Every structure is written in structure tokens, then in C-alpha cells.
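Text of coords36.cif, listed as mmCIF, C-alpha atoms:
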data_protein
loop_
_atom_site.label_atom_id
_atom_site.label_comp_id
_atom_site.auth_asym_id
_atom_site.auth_seq_id
_atom_site.Cartn_x
_atom_site.Cartn_y
_atom_site.Cartn_z
CA MET A 1205 0.00 0.00 0.00
CA SER A 1206 1.39 3.40 -0.96
CA ALA A 1207 1.33 6.00 1.77
CA THR A 1208 -0.80 9.12 1.37
CA ASP A 1209 1.32 12.17 0.73
CA PHE A 1210 1.12 15.23 2.96
CA GLU A 1211 2.68 18.61 3.52
CA LEU A 1212 2.75 19.87 7.10
CA PRO A 1213 4.42 22.67 9.06
CA ALA A 1214 7.20 21.88 11.51
CA THR A 1215 8.00 23.54 14.82
CA ASP A 1216 10.77 25.61 13.22
CA GLY A 1217 8.42 27.09 10.62
CA SER A 1218 9.63 24.91 7.75
CA ARG A 1219 7.26 22.70 5.77
CA HIS A 1220 7.77 19.04 5.02
CA SER A 1221 6.12 16.68 2.58
CA LEU A 1222 6.37 12.94 2.44
CA SER A 1223 7.29 12.78 -1.21
CA GLY A 1224 10.34 14.17 -2.95
CA ALA A 1225 12.94 13.40 -0.29
CA ASP A 1226 14.67 10.44 -2.00
CA ALA A 1227 15.17 8.52 1.25
CA ALA A 1228 16.23 4.88 1.47
CA ALA A 1229 13.41 4.46 3.99
CA THR A 1230 11.12 6.77 5.91
CA VAL A 1231 9.81 6.56 9.46
CA VAL A 1232 6.63 8.50 10.15
CA TYR A 1233 5.31 8.34 13.68
CA TRP A 1234 2.55 9.97 15.64
CA THR A 1235 3.54 11.35 19.00
CA CYS A 1236 2.60 14.21 21.31
CA ASN A 1237 3.62 16.06 24.44
CA HIS A 1238 1.01 14.93 26.94
CA CYS A 1239 0.97 11.15 26.57
CA PRO A 1240 3.12 9.09 28.97
CA TYR A 1241 3.49 6.25 26.47
CA ALA A 1242 4.81 8.65 23.84
CA LEU A 1243 7.12 10.23 26.41
CA ALA A 1244 8.39 6.84 27.57
CA TRP A 1245 9.27 5.78 24.01
CA GLU A 1246 10.50 9.16 22.73
CA ASP A 1247 14.19 8.68 23.59
CA ARG A 1248 14.16 5.35 21.78
CA MET A 1249 12.57 6.99 18.73
CA HIS A 1250 15.22 9.70 18.72
CA ALA A 1251 17.99 7.12 19.01
CA VAL A 1252 16.61 5.29 15.97
CA SER A 1253 16.40 8.57 14.08
CA ARG A 1254 20.04 9.39 14.83
CA ASP A 1255 21.33 5.85 14.28
CA TYR A 1256 19.67 5.38 10.89
CA ALA A 1257 20.06 8.88 9.45
CA THR A 1258 23.50 7.99 8.17
CA ARG A 1259 21.95 5.06 6.30
CA GLY A 1260 19.58 7.31 4.42
CA VAL A 1261 16.56 6.94 6.67
CA ARG A 1262 14.34 9.96 7.08
CA THR A 1263 12.23 10.41 10.21
CA LEU A 1264 9.19 12.63 10.63
CA ALA A 1265 7.15 12.98 13.84
CA ILE A 1266 3.55 14.19 13.66
CA ASN A 1267 1.20 15.50 16.35
CA SER A 1268 -2.50 15.49 15.38
CA ASN A 1269 -4.10 16.04 18.78
CA ASP A 1270 -6.82 18.59 19.42
CA ALA A 1271 -4.86 21.46 20.92
CA GLU A 1272 -7.96 23.21 22.25
CA ARG A 1273 -8.76 20.49 24.77
CA TYR A 1274 -5.10 19.51 25.13
CA PRO A 1275 -3.12 22.77 25.06
CA GLY A 1276 -0.01 20.86 26.05
CA ASP A 1277 -0.03 19.68 22.44
CA SER A 1278 -0.29 23.15 20.91
CA PRO A 1279 2.19 24.22 18.22
CA ALA A 1280 3.85 26.57 20.74
CA ALA A 1281 4.28 23.75 23.26
CA MET A 1282 5.58 21.45 20.51
CA ALA A 1283 8.16 24.06 19.45
CA GLU A 1284 9.29 24.67 23.01
CA ARG A 1285 9.80 20.97 23.62
CA ALA A 1286 11.51 20.19 20.32
CA ALA A 1287 13.98 23.00 20.90
CA ALA A 1288 14.64 22.14 24.52
CA GLU A 1289 15.23 18.47 23.71
CA ASP A 1290 17.14 19.08 20.47
CA TRP A 1291 14.99 16.76 18.40
CA PRO A 1292 16.95 15.07 15.58
CA HIS A 1293 14.04 15.22 13.12
CA PRO A 1294 11.12 17.51 12.28
CA PHE A 1295 8.09 17.63 14.59
CA LEU A 1296 5.06 18.34 12.39
CA TYR A 1297 1.62 19.64 13.32
CA ASP A 1298 -1.46 18.15 11.66
CA GLU A 1299 -3.98 20.74 12.77
CA SER A 1300 -6.82 19.49 10.56
CA GLN A 1301 -6.18 15.88 11.65
CA ASP A 1302 -6.62 14.94 7.98
CA VAL A 1303 -3.23 13.24 7.77
CA ALA A 1304 -3.90 11.09 10.84
CA ARG A 1305 -7.26 10.03 9.41
CA ALA A 1306 -5.78 9.29 5.98
CA TRP A 1307 -3.03 7.15 7.50
CA GLY A 1308 -5.25 5.40 10.03
CA ALA A 1309 -3.14 6.63 12.93
CA GLU A 1310 -4.79 5.70 16.23
CA ARG A 1311 -2.34 6.12 19.08
CA THR A 1312 0.69 7.97 20.32
CA PRO A 1313 3.07 6.52 19.52
CA HIS A 1314 2.00 4.87 16.24
CA VAL A 1315 4.89 4.08 13.94
CA PHE A 1316 4.91 3.61 10.16
CA VAL A 1317 7.92 2.45 8.12
CA LEU A 1318 8.00 3.08 4.37
CA ASP A 1319 10.48 1.80 1.82
CA ALA A 1320 12.24 3.91 -0.80
CA ASP A 1321 9.12 3.79 -2.99
CA LEU A 1322 7.00 4.98 -0.05
CA GLU A 1323 5.28 1.64 0.24
CA LEU A 1324 4.17 0.78 3.77
CA ARG A 1325 6.31 -2.02 5.21
CA TYR A 1326 5.67 -1.85 8.96
CA GLU A 1327 3.04 -0.32 11.21
CA GLY A 1328 2.61 -0.50 14.96
CA ALA A 1329 4.59 -0.05 18.16
CA PRO A 1330 8.34 0.67 18.39
CA ASP A 1331 8.81 -2.44 20.55
CA GLY A 1332 6.88 -4.59 22.98
CA ASP A 1333 7.24 -2.69 26.25
CA TYR A 1334 7.21 1.04 26.90
CA ASP A 1335 8.66 0.37 30.33
CA ASP A 1336 11.74 -1.58 29.21
CA GLU A 1337 14.33 0.67 27.61
CA SER A 1338 16.48 -2.35 26.78
CA ARG A 1339 13.95 -3.29 24.10
CA ASP A 1340 15.49 -0.38 22.18
CA ALA A 1341 12.68 -0.02 19.60
CA GLU A 1342 13.62 -3.46 18.34
CA TRP A 1343 10.52 -3.92 16.15
CA LEU A 1344 11.14 -0.61 14.44
CA ARG A 1345 14.88 -1.31 14.04
CA GLY A 1346 14.11 -4.77 12.67
CA ALA A 1347 11.72 -3.31 10.12
CA LEU A 1348 14.27 -0.71 9.04
CA ASP A 1349 17.07 -3.25 8.76
CA ALA A 1350 14.88 -5.42 6.55
CA VAL A 1351 13.77 -2.55 4.33
CA LEU A 1352 17.36 -1.32 3.91
CA ALA A 1353 18.38 -4.86 2.94
CA GLY A 1354 15.62 -4.99 0.35
CA GLU A 1355 13.69 -7.56 2.36
CA ARG A 1356 10.28 -7.77 3.98
CA PRO A 1357 10.24 -6.95 7.71
CA PRO A 1358 9.84 -9.95 10.01
CA GLN A 1359 6.40 -8.64 10.96
CA ALA A 1360 4.37 -6.17 8.96
CA LYS A 1361 2.08 -5.05 11.74
CA THR A 1362 1.85 -4.94 15.52
CA ASP A 1363 -0.75 -3.31 17.74
CA PRO A 1364 0.11 0.30 18.54
CA VAL A 1365 0.11 0.89 22.30
CA GLY A 1366 -0.45 4.31 23.76
CA CYS A 1367 -2.88 7.16 24.22
CA THR A 1368 -5.65 7.57 21.70
CA ILE A 1369 -5.25 10.44 19.27
CA LYS A 1370 -7.39 13.23 20.63
CA TRP A 1371 -9.91 13.92 17.89
CA ARG A 1372 -11.97 17.06 17.77
CA MET B 114 -8.69 -3.04 62.39
CA ALA B 115 -10.08 -1.98 59.03
CA GLY B 116 -7.61 -1.51 56.21
CA PRO B 117 -7.14 1.76 54.36
CA ARG B 118 -9.72 3.00 51.89
CA VAL B 119 -8.26 2.37 48.44
CA GLU B 120 -9.83 4.04 45.41
CA PHE B 121 -9.02 3.33 41.77
CA LEU B 122 -10.28 5.92 39.29
CA TRP B 123 -9.95 5.20 35.59
CA TRP B 124 -10.96 6.31 32.11
CA SER B 125 -11.49 3.65 29.47
CA GLY B 126 -9.75 5.64 26.74
CA CYS B 127 -6.34 4.98 28.28
CA PRO B 128 -5.08 1.40 28.13
CA SER B 129 -2.92 1.63 31.26
CA TRP B 130 -5.77 1.06 33.69
CA GLU B 131 -5.81 -2.73 33.40
CA ARG B 132 -2.09 -3.10 34.16
CA GLY B 133 -2.40 -0.45 36.86
CA LEU B 134 -5.26 -2.30 38.53
CA ALA B 135 -3.39 -5.60 38.38
CA GLU B 136 -0.33 -3.99 39.97
CA LEU B 137 -2.47 -2.39 42.67
CA ARG B 138 -4.15 -5.70 43.47
CA GLY B 139 -0.73 -7.35 43.73
CA ALA B 140 0.56 -4.62 46.00
CA MET B 141 -2.49 -4.97 48.25
CA GLU B 142 -1.99 -8.71 48.55
CA GLU B 143 1.68 -8.12 49.43
CA ALA B 144 0.54 -5.69 52.12
CA GLY B 145 -1.93 -8.19 53.55
CA LEU B 146 -4.92 -6.20 52.31
CA ASP B 147 -7.96 -7.49 50.48
CA PRO B 148 -7.89 -6.43 46.79
CA ALA B 149 -11.65 -6.94 46.68
CA SER B 150 -11.99 -3.85 48.86
CA ILE B 151 -10.75 -1.53 46.09
CA GLU B 152 -13.38 1.07 45.25
CA MET B 153 -13.51 1.24 41.47
CA ARG B 154 -14.83 4.41 39.87
CA GLN B 155 -14.97 4.88 36.11
CA ILE B 156 -14.62 8.43 34.82
CA GLU B 157 -16.61 8.92 31.63
CA THR B 158 -17.04 12.66 31.17
CA GLU B 159 -15.24 15.89 31.96
CA ASP B 160 -17.99 16.59 34.49
CA ASP B 161 -17.17 13.29 36.22
CA ALA B 162 -13.51 14.27 36.21
CA ALA B 163 -14.19 17.68 37.72
CA ARG B 164 -16.42 16.20 40.42
CA GLU B 165 -13.76 13.65 41.38
CA SER B 166 -10.79 16.04 40.98
CA PHE B 167 -9.51 13.44 38.53
CA PRO B 168 -6.11 14.43 37.05
CA GLY B 169 -5.84 11.57 34.53
CA SER B 170 -6.09 7.84 34.19
CA PRO B 171 -5.49 5.90 36.30
CA THR B 172 -5.50 7.62 39.67
CA ILE B 173 -5.04 5.69 42.91
CA ARG B 174 -5.92 7.15 46.28
CA VAL B 175 -5.27 5.67 49.69
CA ASP B 176 -7.36 7.16 52.48
CA GLY B 177 -8.05 10.06 50.13
CA ALA B 178 -4.41 10.80 49.33
CA ASP B 179 -3.03 10.36 45.82
CA VAL B 180 -0.18 7.84 45.68
CA ALA B 181 1.77 10.31 43.52
CA GLU B 182 1.86 14.05 43.10
CA ALA B 183 -0.22 15.23 40.15
CA ALA B 184 1.51 17.83 38.01
CA PRO B 185 -0.67 20.83 37.18
CA SER B 186 -1.97 20.67 33.62
CA ALA B 187 -4.34 22.63 31.40
CA ASP B 188 -5.07 19.50 29.36
CA SER B 189 -8.36 17.68 29.60
CA PRO B 190 -8.09 14.98 32.30
CA LEU B 191 -9.68 12.50 29.91
CA THR B 192 -6.31 11.07 28.96
CA CYS B 193 -3.50 8.95 30.31
CA ARG B 194 -1.85 10.44 33.34
CA VAL B 195 1.88 11.12 33.23
CA TYR B 196 3.74 9.66 36.20
CA ARG B 197 7.44 9.82 36.98
CA ARG B 198 9.19 6.70 38.15
CA ARG B 199 11.61 7.16 41.00
CA ASP B 200 14.46 7.15 38.47
CA GLY B 201 12.79 10.02 36.60
CA ARG B 202 11.43 8.09 33.64
CA PRO B 203 7.95 9.05 32.39
CA SER B 204 5.37 6.33 32.74
CA PRO B 205 1.61 5.83 32.42
CA LEU B 206 1.62 4.17 35.86
CA PRO B 207 2.92 5.19 39.27
CA ASP B 208 6.16 3.72 40.50
CA PRO B 209 5.28 0.44 42.29
CA GLU B 210 7.34 1.61 45.26
CA ASP B 211 5.13 4.67 45.59
CA VAL B 212 2.05 2.45 45.62
CA ARG B 213 3.57 0.14 48.22
CA ALA B 214 4.59 3.09 50.37
CA ALA B 215 1.08 4.53 50.21
CA LEU B 216 -0.34 1.19 51.31
CA GLY B 217 2.00 1.13 54.26
CA SER B 218 4.16 -1.72 53.00
CA PRO B 219 7.84 -1.77 53.95
CA GLU B 220 9.94 -0.61 50.98
#
Rewritten as C-alpha cells:
Amino acid sequence: MSATDFELPATDGSRHSLSGADAAATVVYWTCNHCPYALAWEDRMHAVSRDYATRGVRTLAINSNDAERYPGDSPAAMAERAAAEDWPHPFLYDESQDVARAWGAERTPHVFVLDADLELRYEGAPDGDYDDESRDAEWLRGALDAVLAGERPPQAKTDPVGCTIKWR
Amino acid sequence: MAGPRVEFLWWSGCPSWERGLAELRGAMEEAGLDPASIEMRQIETEDDAARESFPGSPTIRVDGADVAEAAPSADSPLTCRVYRRRDGRPSPLPDPEDVRAALGSPE
């Protein structure tokens, strides 16, 4: 299945689209500021982003939560956090929630791995336990290793675990 | 002597409540308390949350006192609650040691 393209603003004011980047693989994941599951996995997601960037992997994080009821997920709060934590990849805001709906994103975090042709190869959780840092996003890393080797990931889908996306 | 009043408040939209309840029941058994005495209260609306001073799911109170400090937040309480483990890591559940301490168990 080909992923639906998008163009979204990032916390630094730049805009990013899915297409046109010529990446060996792309990680797109939904996250946010207020969810403890997303917070617990965030360091592991950043480590994957840094570790695989040199292998041509592009990472994009997206927040689609309703910022009126959850102001901790507002663009200003996103920008403050991304700057304070020196995020290694763009943090995008999906204000309309259209991208989350188009992709079928349900949770934070919810991870998608695409190959060089932007075909979906893995969807789900980074690993099997938010509370065990030693798991090291092993499901995500395994999917990326397979895609970079031109192979199918060992599992195409796992259940995303985390907070529900906060729809309007 | 009656045991402490233990309340478990939860919102179904956050998946952490089942694991949190299982851990609480285990901690009560360790403390020699009856897990069947837990008062379960489901939070379904923001009005429920306001009435119960519910800061997020799940929330555990022992004799009316929260087992962990709730950080002030402008977000709707109908979400997963952010806890900090004793080593500083964020978590959707309180540190088990905090729960044991609230129940009066030796740490």
C-alpha cells in the first residue's frame, strides 16, 4: 500500500512533505507532548532517528491532537519541547487531523515504516514494552534493517500501544 | 482493624488502567490487604472528572491521598496520566514503590 502524501508545518516554521525526499526508507510516527506512552518511548525513537540517518533513513514525527482540549499539544508547546530536547528530526503539526485520518493513525506513539518507494512495510509499536528501555525499539529497528536490505520486515504489523489520538 | 480505603479511578480511553489495577491488586496482597476492597470508579465525562478532581487515568488514592503528586496541567483529564518513576522516567503508571509506600508496606 502506498502511503498518502502530505505537507505539514514543523515547529521551526519549515514545511515538510512525504514525497520528494529520495530517502532509502522513511519513518513516520505519531507522538505528542502529553501522553506518557509517547514520552516513555521518545528517547528510543530519537535514538533510531540518529542511528539510521547515516543510512539514508528519514524520520518525521507528527502531532495530530486537538490542541484546544489539550493545550499541552499546541504548536507553541511542541516548538518549546523540540527546541529544549534538540529533536533530531522535524516535529510536524497536523492541525486538521486529515493526515492522521488518511493514514489510520490511532495512538501515540503509532509508527509507520516506508520503503524507498514509499510503500508501507511496517506499522505498529516501536517495541513490545514502553517500560523496558532495553527493548530499544527493536521492532522498528528490525523493520528498518529489513527494508534497507531490500527484504520484507519480520512482521508487517503490531498493535500500537499508547494514548488515543485526541480527535476534535 | 479496618484496612485503608483504596480508590481506583480510571478512564477507558487509556489502556494503562488494566495493568495499573493488576499492579495495585498485587501490591495490596503483598501488604496483607484485600484487593476486593478496592473502590472502582470509572470516569466517563469531563464533568465526572471535575467532580472527582480526577487528574488523569489511572488515579489511585489511599485514604483520600493520591499515591503520587499530580503535576498541574491545562489539558483535559480524559487522557492517560503522566507519572514519573523514582528514576525520573515518564510512565503511564505510578512507581510500584510509591504504591507500596502509600499502602504502608515496607519498601
Run the PyMOL selection byres ((chain B) within 6 of (chain A)) mentally over the shown coordinates, then write out the matched residues as a compact mmCIF listing (two decimals) with C-alpha atoms, in the frame of the given file, using the chain letters and numbers from the document.
# COMPACT_ATOMS: atom_id res chain seq x y z
CA CYS B 127 -6.34 4.98 28.28
CA ASP B 188 -5.07 19.50 29.36
CA SER B 189 -8.36 17.68 29.60
CA VAL B 195 1.88 11.12 33.23
CA PRO B 203 7.95 9.05 32.39
CA SER B 204 5.37 6.33 32.74
CA PRO B 205 1.61 5.83 32.42
Practice item. Neighbourhood query: residues within 12 Å of (0.8, 21.2, 13.5), file coordinates, counting only C-alpha atoms; return as a PyMOL selection string. Key: chain A and resi 1211-1220+1234-1236+1265-1271+1277-1283+1294-1304
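Atom to atom, atom CA of Arg1262 of chain A and atom CA of Asp1209 of chain A stand 14.7 Å apart.
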Exercise for review: Enumerate, as a list in words, the residues matched when the PyMOL selection byres ((chain B and resi 169-185) around 6) is run on the file above.
Suggested key: Pro117, Arg118, Val119, Glu120, Phe121, Leu122, Trp123, Trp124, Trp130, Phe167, Pro168, Ser186, Pro190, Thr192, Cys193, Arg194, Val212 and Ala215 of chain B
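Across the structure, atom CA of Asp1331 of chain A and atom CA of Arg1254 of chain A are spaced 17.3 Å apart.
Residue nearest Pro148 of chain B, chosen from B:Leu134, B:Gly217, B:Gly201, B:Asp160 and counting only C-alpha atoms: B:Leu134.
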